[in-house]
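*Asks:* Got start-v3.txt for you, compact mmCIF, C-alpha atoms:
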```
# COMPACT_ATOMS: atom_id res chain seq x y z
CA MET A 1259 -20.30 41.13 -46.40
CA ASN A 1260 -19.28 43.98 -44.11
CA SER A 1261 -21.99 44.80 -41.51
CA TYR A 1262 -21.41 48.57 -41.82
CA LEU A 1263 -21.86 48.27 -45.59
CA ILE A 1264 -25.13 46.36 -45.19
CA GLY A 1265 -26.27 48.90 -42.57
CA GLY A 1266 -25.49 51.83 -44.88
CA TYR A 1267 -27.49 50.41 -47.76
CA ALA A 1268 -30.31 49.23 -45.51
CA ILE A 1269 -30.77 52.67 -43.91
CA GLY A 1270 -30.67 54.44 -47.27
CA ILE A 1271 -33.10 52.07 -48.95
CA VAL A 1272 -35.53 52.12 -45.99
CA PHE A 1273 -35.50 55.95 -46.00
CA LEU A 1274 -36.00 56.39 -49.76
CA TRP A 1275 -38.42 53.54 -50.46
CA GLY A 1276 -40.15 54.12 -47.13
CA TYR A 1277 -40.91 57.65 -48.26
CA ALA A 1278 -42.21 56.29 -51.59
CA LEU A 1279 -44.56 54.03 -49.59
CA LEU A 1280 -45.71 56.98 -47.45
CA LEU A 1281 -46.50 58.94 -50.63
CA LEU A 1282 -48.54 56.02 -51.94
CA ILE A 1283 -50.55 55.88 -48.69
CA GLU A 1284 -51.02 59.68 -48.72
CA SER A 1285 -52.17 59.57 -52.35
CA ARG A 1286 -54.77 56.89 -51.58
CA THR A 1287 -56.05 58.79 -48.52
CA LEU A 1288 -56.31 61.92 -50.66
CA ALA A 1289 -58.26 60.02 -53.34
CA ARG A 1290 -60.79 59.00 -50.67
CA SER A 1291 -61.13 62.63 -49.50
CA GLU A 1292 -61.62 63.79 -53.10
CA ALA A 1293 -64.31 61.15 -53.66
CA ALA A 1294 -66.10 62.18 -50.45
CA ARG A 1295 -65.97 65.81 -51.53
CA ARG A 1296 -67.38 65.03 -54.99
CA GLU A 1297 -70.18 63.12 -53.29
CA ILE A 1298 -71.00 66.09 -51.04
CA GLU A 1299 -70.91 68.47 -54.03
CA ALA A 1300 -73.19 66.16 -56.04
CA LYS A 1301 -75.68 66.03 -53.15
CA GLY A 1302 -75.49 69.81 -52.83
CA ALA A 1303 -76.23 70.22 -56.55
CA GLU A 1304 -79.33 68.04 -56.19
CA MET B 391 -55.55 60.55 -62.81
CA THR B 392 -56.57 59.07 -66.17
CA SER B 393 -56.03 55.35 -66.79
CA GLY B 394 -53.22 56.12 -69.30
CA LYS B 395 -51.34 58.18 -66.71
CA LYS B 396 -51.95 55.49 -64.09
CA ILE B 397 -50.41 52.82 -66.34
CA LEU B 398 -47.44 55.12 -67.00
CA ALA B 399 -46.95 55.75 -63.26
CA VAL B 400 -47.19 52.04 -62.35
CA THR B 401 -44.72 51.18 -65.17
CA PHE B 402 -42.32 53.86 -63.95
CA TRP B 403 -42.34 52.54 -60.37
CA ILE B 404 -41.91 48.91 -61.48
CA VAL B 405 -38.94 49.90 -63.70
CA THR B 406 -37.36 51.95 -60.89
CA LEU B 407 -37.80 49.16 -58.33
CA THR B 408 -36.38 46.57 -60.74
CA LEU B 409 -33.42 48.83 -61.52
CA PHE B 410 -32.77 49.29 -57.79
CA ALA B 411 -32.75 45.51 -57.26
CA TRP B 412 -30.40 45.16 -60.26
CA THR B 413 -27.97 47.75 -58.88
CA ILE B 414 -27.89 45.98 -55.50
CA TRP B 415 -27.03 42.77 -57.34
CA LEU B 416 -24.19 44.63 -59.12
CA LEU B 417 -22.46 45.15 -55.74
CA ARG B 418 -21.34 41.48 -55.67
CA ASP B 419 -17.56 41.18 -55.37
CA ASP B 420 -17.27 39.21 -58.63
CA ILE B 421 -18.95 42.07 -60.57
CA THR B 422 -17.71 45.14 -58.69
CA PRO B 423 -14.24 44.53 -57.22
CA VAL B 424 -13.36 45.53 -53.65
CA GLU B 425 -11.23 48.68 -53.47
CA ARG B 426 -7.76 47.84 -52.07
CA THR B 427 -7.16 50.80 -49.72
CA MET B 428 -10.55 51.07 -47.96
CA GLY B 429 -11.84 47.54 -48.36
CA PRO B 430 -15.52 46.51 -48.62
CA ILE B 431 -16.86 49.69 -46.92
CA GLN B 432 -15.84 51.68 -50.03
CA LYS B 433 -18.92 50.17 -51.71
CA VAL B 434 -21.11 52.60 -49.72
CA PHE B 435 -19.70 55.14 -52.20
CA TYR B 436 -21.92 53.78 -55.05
CA PHE B 437 -24.98 54.82 -53.06
CA HIS B 438 -23.53 57.82 -51.19
CA LEU B 439 -22.30 59.80 -54.22
CA PRO B 440 -25.45 59.52 -56.44
CA VAL B 441 -27.65 60.43 -53.44
CA ALA B 442 -25.41 63.46 -52.74
CA ILE B 443 -25.60 64.62 -56.38
CA ASN B 444 -29.40 64.19 -56.32
CA THR B 445 -29.57 66.25 -53.11
CA PHE B 446 -27.93 69.07 -55.06
CA ILE B 447 -30.37 68.58 -57.97
CA ALA B 448 -33.38 68.73 -55.60
CA ALA B 449 -31.92 71.88 -53.98
CA MET B 450 -31.52 73.34 -57.49
CA VAL B 451 -35.21 72.64 -58.19
CA VAL B 452 -36.13 74.50 -54.96
CA PHE B 453 -33.94 77.40 -56.14
CA ILE B 454 -35.45 77.55 -59.64
CA ALA B 455 -39.05 77.14 -58.38
CA SER B 456 -38.47 79.88 -55.78
CA ILE B 457 -37.27 82.26 -58.50
CA GLY B 458 -40.26 81.18 -60.61
CA TYR B 459 -42.68 82.06 -57.81
CA LEU B 460 -41.10 85.47 -57.18
CA TRP B 461 -41.22 86.16 -60.91
CA GLN B 462 -44.72 84.91 -61.82
CA ARG B 463 -46.49 84.65 -58.41
CA LYS B 464 -48.15 81.39 -59.47
CA MET B 465 -48.82 79.00 -56.59
CA TRP B 466 -47.75 75.91 -58.53
CA TRP B 467 -44.15 77.15 -58.30
CA ASP B 468 -44.52 77.10 -54.51
CA ASP B 469 -45.96 73.56 -54.63
CA LEU B 470 -42.95 72.49 -56.69
CA ALA B 471 -40.46 74.23 -54.36
CA SER B 472 -41.94 72.66 -51.22
CA ALA B 473 -41.99 69.21 -52.87
CA ALA B 474 -38.33 69.57 -53.89
CA ALA B 475 -37.36 70.81 -50.39
CA LYS B 476 -38.82 67.63 -48.86
CA ILE B 477 -36.84 65.48 -51.29
CA ALA B 478 -33.67 67.54 -50.66
CA ALA B 479 -34.04 67.04 -46.87
CA LEU B 480 -34.74 63.32 -47.32
CA TYR B 481 -31.80 62.74 -49.67
CA CYS B 482 -29.49 64.86 -47.53
CA SER B 483 -30.45 62.70 -44.49
CA VAL B 484 -29.36 59.61 -46.44
CA VAL B 485 -26.11 61.33 -47.49
CA LEU B 486 -25.28 62.15 -43.86
CA LEU B 487 -26.21 58.69 -42.55
CA THR B 488 -24.34 56.72 -45.23
CA GLY B 489 -21.39 59.11 -44.85
CA MET B 490 -21.32 58.56 -41.08
CA ILE B 491 -21.35 54.77 -41.54
CA TRP B 492 -18.56 55.03 -44.08
CA GLY B 493 -16.61 57.35 -41.75
CA LYS B 494 -16.94 55.00 -38.79
CA GLU B 495 -15.35 52.16 -40.74
CA ALA B 496 -12.80 54.24 -42.71
CA TRP B 497 -11.76 56.87 -40.13
CA GLY B 498 -12.78 55.12 -36.91
CA GLN B 499 -15.32 57.80 -35.93
CA TRP B 500 -18.96 58.51 -36.76
CA TRP B 501 -18.52 62.23 -37.15
CA THR B 502 -15.80 64.85 -37.49
CA TRP B 503 -16.26 68.59 -37.94
CA SER B 504 -14.48 68.73 -41.29
CA PRO B 505 -15.63 71.45 -43.74
CA ARG B 506 -17.45 69.05 -46.13
CA LEU B 507 -19.32 67.30 -43.30
CA THR B 508 -20.15 70.53 -41.47
CA PHE B 509 -21.52 72.29 -44.57
CA SER B 510 -23.49 69.16 -45.48
CA LEU B 511 -25.07 69.21 -42.01
CA VAL B 512 -25.83 72.91 -42.49
CA LEU B 513 -27.50 72.06 -45.84
CA TRP B 514 -29.69 69.44 -44.13
CA LEU B 515 -30.59 71.90 -41.36
CA LEU B 516 -31.46 74.60 -43.92
CA TYR B 517 -34.04 72.38 -45.66
CA VAL B 518 -35.41 70.98 -42.40
CA VAL B 519 -35.93 74.56 -41.17
CA TYR B 520 -37.56 75.41 -44.55
CA LEU B 521 -40.07 72.63 -43.94
CA MET B 522 -40.61 73.72 -40.31
CA ILE B 523 -41.22 77.36 -41.22
CA ARG B 524 -43.93 76.67 -43.83
CA PRO B 525 -46.72 75.36 -41.57
CA ALA B 526 -46.11 78.26 -39.17
CA ILE B 527 -47.24 80.82 -41.78
CA GLU B 528 -50.99 80.83 -42.26
CA SER B 529 -51.44 82.94 -45.39
CA PRO B 530 -50.63 80.88 -48.54
CA GLN B 531 -49.19 83.94 -50.33
CA ARG B 532 -47.01 84.98 -47.42
CA ARG B 533 -45.88 81.36 -46.94
CA ALA B 534 -44.94 81.14 -50.62
CA LEU B 535 -43.13 84.48 -50.53
CA VAL B 536 -41.11 83.74 -47.38
CA SER B 537 -40.34 80.20 -48.60
CA SER B 538 -39.16 81.53 -51.98
CA VAL B 539 -36.75 84.04 -50.46
CA TYR B 540 -35.53 81.38 -48.01
CA GLY B 541 -35.25 78.74 -50.79
CA ILE B 542 -33.01 81.02 -52.85
CA ALA B 543 -30.80 81.83 -49.84
CA ALA B 544 -30.58 78.16 -48.77
CA PHE B 545 -29.21 77.17 -52.19
CA LEU B 546 -26.09 79.27 -51.55
CA ASP B 547 -24.83 76.44 -49.32
CA VAL B 548 -24.75 73.97 -52.25
CA PRO B 549 -21.64 75.45 -53.97
CA VAL B 550 -20.07 75.83 -50.52
CA VAL B 551 -20.55 72.08 -49.86
CA TYR B 552 -19.15 71.24 -53.30
CA LEU B 553 -16.13 73.55 -53.11
CA SER B 554 -15.29 73.04 -49.41
CA VAL B 555 -13.39 69.83 -50.06
CA LYS B 556 -11.39 71.47 -52.86
CA LEU B 557 -10.59 74.77 -51.16
CA MET B 558 -10.08 73.73 -47.54
CA PRO B 559 -8.07 70.96 -45.85
CA ASP B 560 -10.49 68.08 -45.32
CA ILE B 561 -10.46 64.43 -44.24
CA HIS B 562 -13.22 63.74 -46.82
CA PRO B 563 -11.76 62.25 -50.04
CA ARG B 564 -11.63 64.64 -53.02
CA SER B 565 -11.88 61.86 -55.57
CA ILE B 566 -11.51 58.09 -55.74
CA GLU B 567 -9.73 56.19 -58.50
CA LEU B 568 -12.19 53.70 -59.98
CA ALA B 569 -11.65 50.64 -62.15
CA PRO B 570 -13.89 50.43 -65.27
CA ALA B 571 -16.21 47.87 -63.58
CA MET B 572 -16.60 50.24 -60.61
CA LYS B 573 -17.49 53.12 -62.95
CA VAL B 574 -20.24 51.01 -64.58
CA THR B 575 -21.73 50.17 -61.16
CA LEU B 576 -21.58 53.84 -60.16
CA LEU B 577 -23.35 54.83 -63.37
CA TRP B 578 -26.17 52.32 -62.80
CA TRP B 579 -26.58 53.50 -59.21
CA PHE B 580 -26.73 57.09 -60.43
CA VAL B 581 -29.50 56.18 -62.91
CA SER B 582 -31.61 54.30 -60.35
CA VAL B 583 -31.18 56.88 -57.54
CA SER B 584 -31.99 59.71 -59.99
CA LEU B 585 -35.09 57.93 -61.30
CA LEU B 586 -36.27 57.44 -57.72
CA MET B 587 -35.61 61.12 -56.91
CA TRP B 588 -37.64 62.37 -59.90
CA GLY B 589 -40.41 59.85 -59.15
CA LEU B 590 -40.65 61.00 -55.54
CA LEU B 591 -40.45 64.67 -56.53
CA ILE B 592 -43.19 64.46 -59.17
CA THR B 593 -45.44 62.37 -56.89
CA ARG B 594 -44.95 64.82 -53.98
CA TYR B 595 -45.67 67.76 -56.31
CA ARG B 596 -48.88 66.16 -57.60
CA ILE B 597 -50.03 65.48 -54.03
CA ASN B 598 -49.29 69.12 -53.10
CA ARG B 599 -51.46 70.28 -56.03
CA ARG B 600 -54.29 67.95 -55.06
CA VAL B 601 -54.17 69.11 -51.41
CA ARG B 602 -54.34 72.73 -52.60
CA ASP B 603 -57.32 71.91 -54.84
CA LEU B 604 -59.02 70.22 -51.90
CA ASN B 605 -58.38 73.13 -49.50
CA TYR B 606 -59.06 75.89 -52.02
CA PRO B 607 -61.83 74.75 -54.38
CA VAL B 608 -62.59 76.03 -57.89
CA GLY B 609 -63.37 79.74 -57.77
CA ASP B 610 -60.98 80.48 -54.91
CA GLU B 611 -58.21 82.65 -56.29
CA THR B 612 -55.67 81.22 -53.86
CA ARG B 613 -55.88 77.98 -55.80
CA THR B 614 -53.66 79.18 -58.60
CA GLU B 615 -52.99 82.90 -58.31
CA SER B 616 -51.20 85.13 -55.87
CA SER B 617 -54.12 87.55 -55.50
CA GLY B 618 -56.00 85.45 -52.99
CA ARG B 619 -57.37 85.75 -49.49
CA VAL B 620 -54.82 88.19 -48.17
CA ALA B 621 -55.46 90.60 -51.04
CA ARG B 622 -59.23 90.34 -50.58
CA ALA B 623 -58.92 90.89 -46.82
CA ALA B 624 -56.78 93.95 -47.52
CA GLY B 625 -59.55 95.50 -49.60
CA GLY B 626 -59.37 93.61 -52.87
CA ALA B 627 -56.11 95.00 -54.20
CA SER B 628 -54.06 92.38 -56.02
```
For the structure just supplied, provide its representation as structure tokens.

*Replies:*
Amino acid sequence: MNSYLIGGYAIGIVFLWGYALLLLIESRTLARSEAARREIEAKGAE
Amino acid sequence: MTSGKKILAVTFWIVTLTLFAWTIWLLRDDITPVERTMGPIQKVFYFHLPVAINTFIAAMVVFIASIGYLWQRKMWWDDLASAAAKIAALYCSVVLLTGMIWGKEAWGQWWTWSPRLTFSLVLWLLYVVYLMIRPAIESPQRRALVSSVYGIAAFLDVPVVYLSVKLMPDIHPRSIELAPAMKVTLLWWFVSVSLLMWGLLITRYRINRRVRDLNYPVGDETRTESSGRVARAAGGAS
């Protein structure tokens, strides 16, 4: 296989699927923030 | 997210990932023949072209969402536009990088200031600047307004990129003759790259909505409407 060809696909796949992975991490971090906020709101309601 | 939606999302990502692996497998020489003029490097085309088309689709979503915001002044349009702008910038980066790698092997140079390449670089810069401008504007309404006007103007480069190779002398190929097996591979790559684009776009949009909900809780008008903090600060006029 041509090394330029492998490089082209590798860069593209790392960029696109890397971003998908970043979104997954961001989504999980956000879920933790939302849970913490709900907890604070529940305590406030008490 | 409800458990039903979660199952749907997980299924979608598994299907997309599997399809991507399948399309990589399709690149084998015994399935997709090597093009005679350019040789093996021509196979970058199966990735490069679908990513380029999806860049245009993402830019189109920015354009439509920007018009939607100016028309209805609903903040979800702005969330959609900013999500699509991120995907447009990401996909355009991949178009430029794969194009440069192809160019190095086919033309012997990484970059040349041909019309198609130059306008593609301009397109990338336009969406990078879009993403740089947004955090600099504090008011959500003003940010949405400026972004919408900019998003509409930025889209004007898309037809220029498309037509440049047809209307001006360019080193970039206008079209490539493909054997039936090559067309099938291209079609599969288009499906998998498009699925990934829509998956990323919808996920980014949902995250944008959740961030807005977290920053502007229930009861804050900025959450969904245009008549938010700025209007209240200006004396309550909406």

*Asks:* Return the single residue from B:Leu480, B:Ala448, B:Met428, B:Leu439 that is closest to Val1272 of chain A, with distances computed using only C-alpha atoms.

*Replies:*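 So, comparing all the options, the nearest one is B:Leu480.
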
*Asks:* Go through B:Lys556, B:Lys433, B:Lys395, B:Arg426 and flag the residue nearest Ile1264 of chain A, using only C-alpha atoms for the distances.

*Replies:*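 Result for the nearest residue to Ile1264 of chain A: B:Lys433.
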
*Asks:* One number please: atom CA of His438 of chain B to atom CA of Leu1280 of chain A, in Å, one decimal.

*Replies:* 22.5 Å

*Asks:* Restrict the distance test to only C-alpha atoms, flag each residue of chain A within 6 Å of chain B, and return the flagged residues as an MDAnalysis selection string.

*Replies:* chainID A and resid 1263 1266 1270

*Asks:* Could you work out how far atom CA of Ala411 of chain B lies from atom CA of Val574 of chain B, giving the answer in Å with one decimal?

*Replies:*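 According to the coordinates, atom CA of Val574 of chain B and atom CA of Ala411 of chain B are separated by 15.5 Å.
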
*Asks:* In the coordinate frame of the file, compute which residues have an atom within 12 Å of (-53.1, 59.3, -47.8) when using all atoms listed in the file, and state them as a list of chain:residue names.

*Replies:* A:Ala1278, A:Leu1279, A:Leu1280, A:Leu1281, A:Leu1282, A:Ile1283, A:Glu1284, A:Ser1285, A:Arg1286, A:Thr1287, A:Leu1288, A:Ala1289, A:Arg1290, A:Ser1291, A:Glu1292, B:Arg594, B:Ile597, B:Asn598, B:Arg600, B:Val601

*Asks:* If I take atom CA of Ile1298 of chain A and atom CA of Glu528 of chain B, how far is one from the other in Å, to one decimal?

*Replies:*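 Pair atom CA of Ile1298 of chain A / atom CA of Glu528 of chain B returns 26.4 Å.
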
*Asks:* As a compact mmCIF listing (two decimals), in the frame of the given file, could you write out segment 1267-1280 of chain A once it has been completed with N, CA and C atoms?

*Replies:*
```
# COMPACT_ATOMS: atom_id res chain seq x y z
N TYR A 1267 -26.51 50.61 -46.68
CA TYR A 1267 -27.49 50.41 -47.76
C TYR A 1267 -28.89 50.22 -47.20
N ALA A 1268 -28.99 49.49 -46.09
CA ALA A 1268 -30.31 49.23 -45.51
C ALA A 1268 -30.98 50.54 -45.07
N ILE A 1269 -30.22 51.39 -44.37
CA ILE A 1269 -30.77 52.67 -43.91
C ILE A 1269 -31.22 53.52 -45.10
N GLY A 1270 -30.35 53.62 -46.10
CA GLY A 1270 -30.67 54.44 -47.27
C GLY A 1270 -31.91 53.94 -48.00
N ILE A 1271 -31.96 52.64 -48.20
CA ILE A 1271 -33.10 52.07 -48.95
C ILE A 1271 -34.38 52.20 -48.15
N VAL A 1272 -34.32 51.98 -46.84
CA VAL A 1272 -35.53 52.12 -45.99
C VAL A 1272 -36.03 53.58 -46.05
N PHE A 1273 -35.11 54.53 -45.96
CA PHE A 1273 -35.50 55.95 -46.00
C PHE A 1273 -36.17 56.29 -47.34
N LEU A 1274 -35.50 55.95 -48.44
CA LEU A 1274 -36.00 56.39 -49.76
C LEU A 1274 -37.27 55.64 -50.17
N TRP A 1275 -37.23 54.31 -50.06
CA TRP A 1275 -38.42 53.54 -50.46
C TRP A 1275 -39.53 53.64 -49.42
N GLY A 1276 -39.14 53.88 -48.18
CA GLY A 1276 -40.15 54.12 -47.13
C GLY A 1276 -40.93 55.38 -47.43
N TYR A 1277 -40.23 56.40 -47.90
CA TYR A 1277 -40.91 57.65 -48.26
C TYR A 1277 -41.83 57.43 -49.48
N ALA A 1278 -41.37 56.61 -50.43
CA ALA A 1278 -42.21 56.29 -51.59
C ALA A 1278 -43.51 55.61 -51.13
N LEU A 1279 -43.39 54.73 -50.14
CA LEU A 1279 -44.56 54.03 -49.59
C LEU A 1279 -45.50 55.02 -48.89
N LEU A 1280 -44.90 55.95 -48.14
CA LEU A 1280 -45.71 56.98 -47.45
C LEU A 1280 -46.49 57.82 -48.46
```
